[in-house]
>>> print(open('query_2.cif').read())   # mmCIF, C-alpha atoms
data_entry
#
loop_
_atom_site.label_atom_id
_atom_site.label_comp_id
_atom_site.auth_asym_id
_atom_site.auth_seq_id
_atom_site.Cartn_x
_atom_site.Cartn_y
_atom_site.Cartn_z
CA MET A 1 29.33 -0.06 -5.52
CA TYR A 2 25.90 -1.67 -5.85
CA HIS A 3 24.41 1.70 -6.93
CA SER A 4 26.59 1.86 -10.08
CA PHE A 5 25.79 -1.75 -10.90
CA LYS A 6 22.11 -1.18 -10.09
CA ARG A 7 21.85 1.66 -12.61
CA LEU A 8 23.23 -0.63 -15.34
CA ILE A 9 20.74 -3.35 -14.41
CA ASP A 10 17.91 -0.80 -14.44
CA PHE A 11 18.92 0.54 -17.85
CA PHE A 12 19.25 -2.82 -19.60
CA ALA A 13 16.26 -4.42 -17.86
CA SER A 14 13.95 -1.50 -18.71
CA LEU A 15 15.18 -1.46 -22.32
CA CYS A 16 14.61 -5.23 -22.70
CA LEU A 17 11.22 -5.08 -20.99
CA LEU A 18 10.08 -2.20 -23.19
CA LEU A 19 10.99 -4.24 -26.27
CA ILE A 20 9.47 -7.49 -25.01
CA LEU A 21 6.30 -5.82 -23.73
CA SER A 22 5.80 -3.58 -26.78
CA PRO A 23 2.92 -5.71 -28.19
CA LEU A 24 1.14 -5.57 -24.81
CA PHE A 25 1.97 -1.87 -24.58
CA LEU A 26 0.25 -1.27 -27.94
CA VAL A 27 -2.84 -3.30 -26.98
CA LEU A 28 -3.22 -1.44 -23.68
CA TYR A 29 -2.68 1.90 -25.40
CA LEU A 30 -5.47 1.15 -27.88
CA ALA A 31 -7.80 -0.22 -25.19
CA VAL A 32 -7.46 2.94 -23.08
CA ARG A 33 -8.04 5.18 -26.13
CA ILE A 34 -11.06 3.20 -27.32
CA GLU A 35 -12.82 3.08 -23.96
CA SER A 36 -12.73 6.75 -23.00
CA LYS A 37 -11.90 10.06 -24.59
CA GLY A 38 -8.59 11.65 -23.80
CA PRO A 39 -4.95 10.60 -24.02
CA ALA A 40 -3.86 7.03 -23.29
CA PHE A 41 -1.06 8.24 -21.06
CA PHE A 42 -1.25 10.13 -17.80
CA LYS A 43 1.67 12.17 -16.57
CA GLN A 44 2.10 13.65 -13.16
CA LYS A 45 4.79 15.56 -11.24
CA ARG A 46 6.60 13.33 -8.77
CA VAL A 47 9.54 13.73 -6.42
CA GLY A 48 12.69 11.91 -7.41
CA ARG A 49 16.19 11.48 -6.08
CA ARG A 50 17.40 14.49 -4.08
CA GLN A 51 13.85 15.89 -4.30
CA ARG A 52 14.13 16.65 -8.01
CA ILE A 53 10.74 16.91 -9.69
CA PHE A 54 10.12 14.73 -12.75
CA TRP A 55 7.15 13.62 -14.83
CA ILE A 56 6.02 10.06 -14.14
CA TYR A 57 4.16 8.22 -16.93
CA LYS A 58 1.31 5.77 -16.56
CA PHE A 59 -1.54 4.46 -18.63
CA ARG A 60 -4.56 6.63 -17.84
CA THR A 61 -6.98 4.77 -15.56
CA MET A 62 -9.38 7.61 -14.74
CA ARG A 63 -11.66 9.93 -16.68
CA ILE A 64 -10.13 13.19 -17.89
CA ASP A 65 -12.35 15.26 -15.54
CA THR A 66 -10.69 13.70 -12.45
CA PRO A 67 -9.16 16.22 -10.00
CA ARG A 68 -5.42 16.59 -10.69
CA ASP A 69 -2.61 16.02 -8.20
CA VAL A 70 -4.81 14.37 -5.60
CA PRO A 71 -3.73 10.90 -4.44
CA THR A 72 -6.50 8.40 -5.15
CA HIS A 73 -6.78 7.43 -1.48
CA LEU A 74 -7.58 11.07 -0.57
CA MET A 75 -10.38 11.46 -3.13
CA ASP A 76 -14.02 11.37 -2.18
CA ARG A 77 -15.37 8.27 -3.97
CA PRO A 78 -12.47 7.77 -6.43
CA ASP A 79 -14.26 4.77 -7.94
CA LYS A 80 -16.63 7.17 -9.75
CA TYR A 81 -13.66 8.40 -11.81
CA VAL A 82 -11.98 5.05 -12.58
CA THR A 83 -12.81 3.64 -16.01
CA LYS A 84 -13.56 -0.07 -16.53
CA MET A 85 -10.26 -0.52 -18.34
CA GLY A 86 -8.60 1.53 -15.61
CA ALA A 87 -9.88 -0.81 -12.90
CA PHE A 88 -8.40 -3.75 -14.81
CA LEU A 89 -5.07 -1.99 -15.35
CA ARG A 90 -4.84 -1.04 -11.67
CA ARG A 91 -5.80 -4.48 -10.40
CA PHE A 92 -2.79 -6.05 -12.10
CA SER A 93 -0.53 -2.94 -11.99
CA LEU A 94 -0.43 -2.77 -15.79
CA ASP A 95 -0.91 1.01 -15.64
CA GLU A 96 2.67 1.22 -14.35
CA ILE A 97 4.31 -0.23 -17.51
CA PRO A 98 5.09 3.22 -19.03
CA GLN A 99 7.35 3.91 -16.03
CA LEU A 100 9.90 1.67 -17.72
CA TYR A 101 10.62 4.81 -19.75
CA ASN A 102 11.29 6.73 -16.49
CA ILE A 103 13.68 3.95 -15.46
CA LEU A 104 15.43 4.01 -18.84
CA LYS A 105 15.96 7.78 -18.45
CA GLY A 106 17.44 7.33 -14.96
CA GLU A 107 14.65 9.14 -13.09
CA MET A 108 13.56 5.92 -11.41
CA SER A 109 14.86 2.48 -10.53
CA ILE A 110 13.11 -0.87 -10.75
CA VAL A 111 13.21 -1.13 -6.94
CA GLY A 112 13.11 1.79 -4.52
CA PRO A 113 10.58 3.86 -2.59
CA ARG A 114 7.57 4.77 -4.76
CA PRO A 115 7.88 8.41 -5.89
CA ALA A 116 5.73 10.80 -3.88
CA LEU A 117 3.43 13.30 -5.51
CA TRP A 118 5.05 16.76 -5.58
CA ASN A 119 2.51 17.93 -2.96
CA GLN A 120 2.75 15.00 -0.52
CA PHE A 121 4.80 17.12 1.85
CA ASP A 122 4.20 14.84 4.84
CA LEU A 123 5.76 11.85 3.06
CA ILE A 124 8.55 13.91 1.47
CA ASN A 125 9.55 15.43 4.82
CA ILE A 126 9.57 12.12 6.69
CA ARG A 127 11.63 10.55 3.92
CA GLU A 128 14.04 13.48 4.04
CA SER A 129 14.56 12.95 7.77
CA TYR A 130 15.38 9.29 7.02
CA ASN A 131 17.66 10.22 4.05
CA VAL A 132 15.40 8.15 1.75
CA ASN A 133 15.29 10.97 -0.82
CA SER A 134 18.98 10.24 -1.51
CA ILE A 135 18.08 7.20 -3.67
CA ARG A 136 16.10 6.84 -6.87
CA PRO A 137 12.41 6.09 -6.42
CA GLY A 138 11.24 2.75 -7.76
CA LEU A 139 8.61 1.05 -9.83
CA THR A 140 8.14 -1.16 -6.79
CA GLY A 141 9.55 -1.15 -3.29
CA TRP A 142 9.69 -2.63 0.18
CA ALA A 143 6.62 -0.65 1.31
CA GLN A 144 4.66 -1.89 -1.72
CA VAL A 145 5.21 -5.56 -0.90
CA ASN A 146 4.29 -4.88 2.73
CA GLY A 147 0.94 -3.24 2.21
CA ARG A 148 1.04 -1.03 -0.85
CA ASP A 149 -1.85 1.49 -0.90
CA GLU A 150 -3.10 0.30 2.48
CA LEU A 151 -0.20 1.74 4.52
CA PRO A 152 -0.43 5.04 6.41
CA ILE A 153 2.28 7.57 5.45
CA PRO A 154 4.47 7.15 8.59
CA VAL A 155 4.48 3.35 8.20
CA LYS A 156 5.27 3.62 4.48
CA ALA A 157 8.18 5.96 5.26
CA LYS A 158 9.56 3.51 7.86
CA PHE A 159 9.53 0.72 5.28
CA ASP A 160 11.34 3.08 2.88
CA LYS A 161 13.98 3.74 5.56
CA GLU A 162 14.34 0.00 6.15
CA TYR A 163 14.80 -0.49 2.39
CA LEU A 164 17.57 2.13 2.33
CA GLU A 165 19.35 0.30 5.16
CA LYS A 166 19.03 -3.17 3.56
CA GLU A 167 19.40 -2.27 -0.13
CA SER A 168 21.26 -5.01 -2.00
CA PHE A 169 20.97 -7.08 -5.15
CA LEU A 170 19.39 -10.06 -3.35
CA PHE A 171 16.99 -7.84 -1.40
CA ASP A 172 15.91 -6.13 -4.64
CA LEU A 173 15.46 -9.51 -6.33
CA GLY A 174 13.21 -10.69 -3.48
CA ILE A 175 11.10 -7.52 -3.77
CA ILE A 176 10.75 -8.02 -7.53
CA PHE A 177 9.54 -11.61 -7.14
CA THR A 178 7.14 -10.68 -4.34
CA THR A 179 5.81 -7.77 -6.41
CA ALA A 180 5.18 -10.03 -9.41
CA LYS A 181 3.31 -12.51 -7.22
CA LYS A 182 1.16 -9.78 -5.63
CA ALA A 183 0.49 -8.02 -8.94
CA LEU A 184 -0.67 -11.26 -10.58
CA ALA A 185 -3.00 -11.83 -7.62
CA GLY A 186 -4.18 -8.18 -7.65
CA GLU A 187 -3.32 -7.82 -3.95
CA GLY A 188 -3.01 -4.65 -1.88
CA ILE A 189 -4.70 -2.09 -4.09
CA LYS A 190 -7.42 0.28 -2.99
CA ARG A 191 -9.78 0.75 -5.90
#
>>> encode(input="query_2.cif", output="structure tokens")
Amino acid sequence: MYHSFKRLIDFFASLCLLLILSPLFLVLYLAVRIESKGPAFFKQKRVGRRQRIFWIYKFRTMRIDTPRDVPTHLMDRPDKYVTKMGAFLRRFSLDEIPQLYNILKGEMSIVGPRPALWNQFDLINIRESYNVNSIRPGLTGWAQVNGRDELPIPVKAKFDKEYLEKESFLFDLGIIFTTAKKALAGEGIKR
């Protein structure tokens, strides 16, 4: 029952947030375009519910010559690719704002496991064994508030499993508030 209700919340919340944040969206769009050549948006193949592939949208935080489809934490010296504006966007998770569009379309939820890259087979397979791929991925999640980029894949997958087992409106609300607090503080991000 919560899943039907959750989709309605996701739809209306993402629509309202897109409208409310549209001035900020425009400013960030222009700032990314002015600082470095290339598009303001970055899109990447991610794994969604039932392992369906979709395009996730973000503000571009790295130069256009950055290797594609490589998670930042696996890059050799990723900081050499991150733009100054990109570092700011990442610090406060502002690069994630375009994912409100993914939520509006139903590809993502506000809260759920973060969508894996299409080629993160280790994470995808562990999640499959835990049945985590049965739910929509989220803009934020239980693993994100418990370590974010700092978690090894098996630990992240266990938090995702725990989220699946505890998923409820109050649990989601707690994750949202904790995420906001951590994002404002710029906590848990590898730069």
>>> residues_near_point(input="query_2.cif", point="(13.4, 1.6, -20.4)", cutoff="12 Å", atoms="only C-alpha atoms", output="ChimeraX atom specification")
/A:7-22,57,97-110,139
>>> residues_near_point(input="query_2.cif", point="(14.2, 15.9, -2.5)", cutoff="9 Å", atoms="all atoms listed in the file", output="number ranges by chain")
A: 47-53, 124-125, 127-128, 132-134
>>> atom_distance(input="query_2.cif", atom1="atom CA of A:Val70", atom2="atom CA of A:Leu117")
8.3 Å
>>> atom_distance(input="query_2.cif", atom1="atom CA of A:Asp172", atom2="atom CA of A:Thr140")
9.5 Å
>>> resolve_selection(input="query_2.cif", expression="the PyMOL selection byres ((chain A and resi 81) around 7)", output="ChimeraX atom specification")
/A:62-63,66,78-80,82-83
>>> write_last_selection(input="query_2.cif", atoms="C-alpha atoms", output="short mmCIF file (atom, residue, chain, number, x, y, z; two decimals), in the coordinates of the input")
data_model
loop_
_atom_site.label_atom_id
_atom_site.label_comp_id
_atom_site.auth_asym_id
_atom_site.auth_seq_id
_atom_site.Cartn_x
_atom_site.Cartn_y
_atom_site.Cartn_z
CA MET A 62 -9.38 7.61 -14.74
CA ARG A 63 -11.66 9.93 -16.68
CA THR A 66 -10.69 13.70 -12.45
CA PRO A 78 -12.47 7.77 -6.43
CA ASP A 79 -14.26 4.77 -7.94
CA LYS A 80 -16.63 7.17 -9.75
CA VAL A 82 -11.98 5.05 -12.58
CA THR A 83 -12.81 3.64 -16.01
#
>>> closest_residue(input="query_2.cif", among="A:Phe121, A:Tyr130, A:Tyr163, A:Phe41", to="A:Asn146", atoms="all atoms listed in the file")
A:Tyr163
>>> atom_distance(input="query_2.cif", atom1="atom CA of A:Arg148", atom2="atom CA of A:Ala116")
13.1 Å
>>> build_atoms(input="query_2.cif", residues="stretch 37-58 of chain A", atoms="N, CA and C atoms", output="PDB file, in the frame of the given file")
ATOM      1  N   LYS A  37     -12.592   8.988 -23.867  1.00  0.00           N
ATOM      2  CA  LYS A  37     -11.900  10.060 -24.590  1.00  0.00           C
ATOM      3  C   LYS A  37     -10.748  10.602 -23.752  1.00  0.00           C
ATOM      4  N   GLY A  38      -9.773  11.117 -24.463  1.00  0.00           N
ATOM      5  CA  GLY A  38      -8.590  11.650 -23.800  1.00  0.00           C
ATOM      6  C   GLY A  38      -7.363  10.844 -24.170  1.00  0.00           C
ATOM      7  N   PRO A  39      -6.203  11.297 -23.700  1.00  0.00           N
ATOM      8  CA  PRO A  39      -4.950  10.600 -24.020  1.00  0.00           C
ATOM      9  C   PRO A  39      -4.864   9.237 -23.333  1.00  0.00           C
ATOM     10  N   ALA A  40      -4.064   8.355 -23.889  1.00  0.00           N
ATOM     11  CA  ALA A  40      -3.860   7.030 -23.290  1.00  0.00           C
ATOM     12  C   ALA A  40      -2.904   7.103 -22.107  1.00  0.00           C
ATOM     13  N   PHE A  41      -2.044   8.106 -22.123  1.00  0.00           N
ATOM     14  CA  PHE A  41      -1.060   8.240 -21.060  1.00  0.00           C
ATOM     15  C   PHE A  41      -1.459   9.347 -20.088  1.00  0.00           C
ATOM     16  N   PHE A  42      -1.042   9.165 -18.876  1.00  0.00           N
ATOM     17  CA  PHE A  42      -1.250  10.130 -17.800  1.00  0.00           C
ATOM     18  C   PHE A  42       0.132  10.491 -17.303  1.00  0.00           C
ATOM     19  N   LYS A  43       0.387  11.765 -17.142  1.00  0.00           N
ATOM     20  CA  LYS A  43       1.670  12.170 -16.570  1.00  0.00           C
ATOM     21  C   LYS A  43       1.405  13.066 -15.378  1.00  0.00           C
ATOM     22  N   GLN A  44       2.300  12.955 -14.414  1.00  0.00           N
ATOM     23  CA  GLN A  44       2.100  13.650 -13.160  1.00  0.00           C
ATOM     24  C   GLN A  44       3.459  14.004 -12.549  1.00  0.00           C
ATOM     25  N   LYS A  45       3.540  15.154 -11.881  1.00  0.00           N
ATOM     26  CA  LYS A  45       4.790  15.560 -11.240  1.00  0.00           C
ATOM     27  C   LYS A  45       5.016  14.701 -10.002  1.00  0.00           C
ATOM     28  N   ARG A  46       6.213  14.138  -9.925  1.00  0.00           N
ATOM     29  CA  ARG A  46       6.600  13.330  -8.770  1.00  0.00           C
ATOM     30  C   ARG A  46       7.962  13.780  -8.270  1.00  0.00           C
ATOM     31  N   VAL A  47       8.272  13.363  -7.047  1.00  0.00           N
ATOM     32  CA  VAL A  47       9.540  13.730  -6.420  1.00  0.00           C
ATOM     33  C   VAL A  47      10.527  12.583  -6.602  1.00  0.00           C
ATOM     34  N   GLY A  48      11.665  12.908  -7.175  1.00  0.00           N
ATOM     35  CA  GLY A  48      12.690  11.910  -7.410  1.00  0.00           C
ATOM     36  C   GLY A  48      13.859  12.024  -6.457  1.00  0.00           C
ATOM     37  N   ARG A  49      14.954  11.457  -6.881  1.00  0.00           N
ATOM     38  CA  ARG A  49      16.190  11.480  -6.080  1.00  0.00           C
ATOM     39  C   ARG A  49      16.597  12.916  -5.798  1.00  0.00           C
ATOM     40  N   ARG A  50      16.993  13.155  -4.548  1.00  0.00           N
ATOM     41  CA  ARG A  50      17.400  14.490  -4.080  1.00  0.00           C
ATOM     42  C   ARG A  50      16.288  15.531  -4.258  1.00  0.00           C
ATOM     43  N   GLN A  51      15.057  15.064  -4.198  1.00  0.00           N
ATOM     44  CA  GLN A  51      13.850  15.890  -4.300  1.00  0.00           C
ATOM     45  C   GLN A  51      13.710  16.614  -5.637  1.00  0.00           C
ATOM     46  N   ARG A  52      14.311  16.058  -6.683  1.00  0.00           N
ATOM     47  CA  ARG A  52      14.130  16.650  -8.010  1.00  0.00           C
ATOM     48  C   ARG A  52      12.763  16.220  -8.546  1.00  0.00           C
ATOM     49  N   ILE A  53      12.059  17.174  -9.124  1.00  0.00           N
ATOM     50  CA  ILE A  53      10.740  16.910  -9.690  1.00  0.00           C
ATOM     51  C   ILE A  53      10.912  16.331 -11.101  1.00  0.00           C
ATOM     52  N   PHE A  54      10.127  15.300 -11.410  1.00  0.00           N
ATOM     53  CA  PHE A  54      10.120  14.730 -12.750  1.00  0.00           C
ATOM     54  C   PHE A  54       8.695  14.328 -13.101  1.00  0.00           C
ATOM     55  N   TRP A  55       8.465  14.071 -14.369  1.00  0.00           N
ATOM     56  CA  TRP A  55       7.150  13.620 -14.830  1.00  0.00           C
ATOM     57  C   TRP A  55       7.142  12.091 -14.854  1.00  0.00           C
ATOM     58  N   ILE A  56       6.187  11.512 -14.126  1.00  0.00           N
ATOM     59  CA  ILE A  56       6.020  10.060 -14.140  1.00  0.00           C
ATOM     60  C   ILE A  56       4.942   9.740 -15.188  1.00  0.00           C
ATOM     61  N   TYR A  57       5.114   8.619 -15.889  1.00  0.00           N
ATOM     62  CA  TYR A  57       4.160   8.220 -16.930  1.00  0.00           C
ATOM     63  C   TYR A  57       3.437   6.941 -16.524  1.00  0.00           C
ATOM     64  N   LYS A  58       2.144   6.935 -16.807  1.00  0.00           N
ATOM     65  CA  LYS A  58       1.310   5.770 -16.560  1.00  0.00           C
ATOM     66  C   LYS A  58       0.269   5.681 -17.664  1.00  0.00           C
TER      67      LYS A  58
END
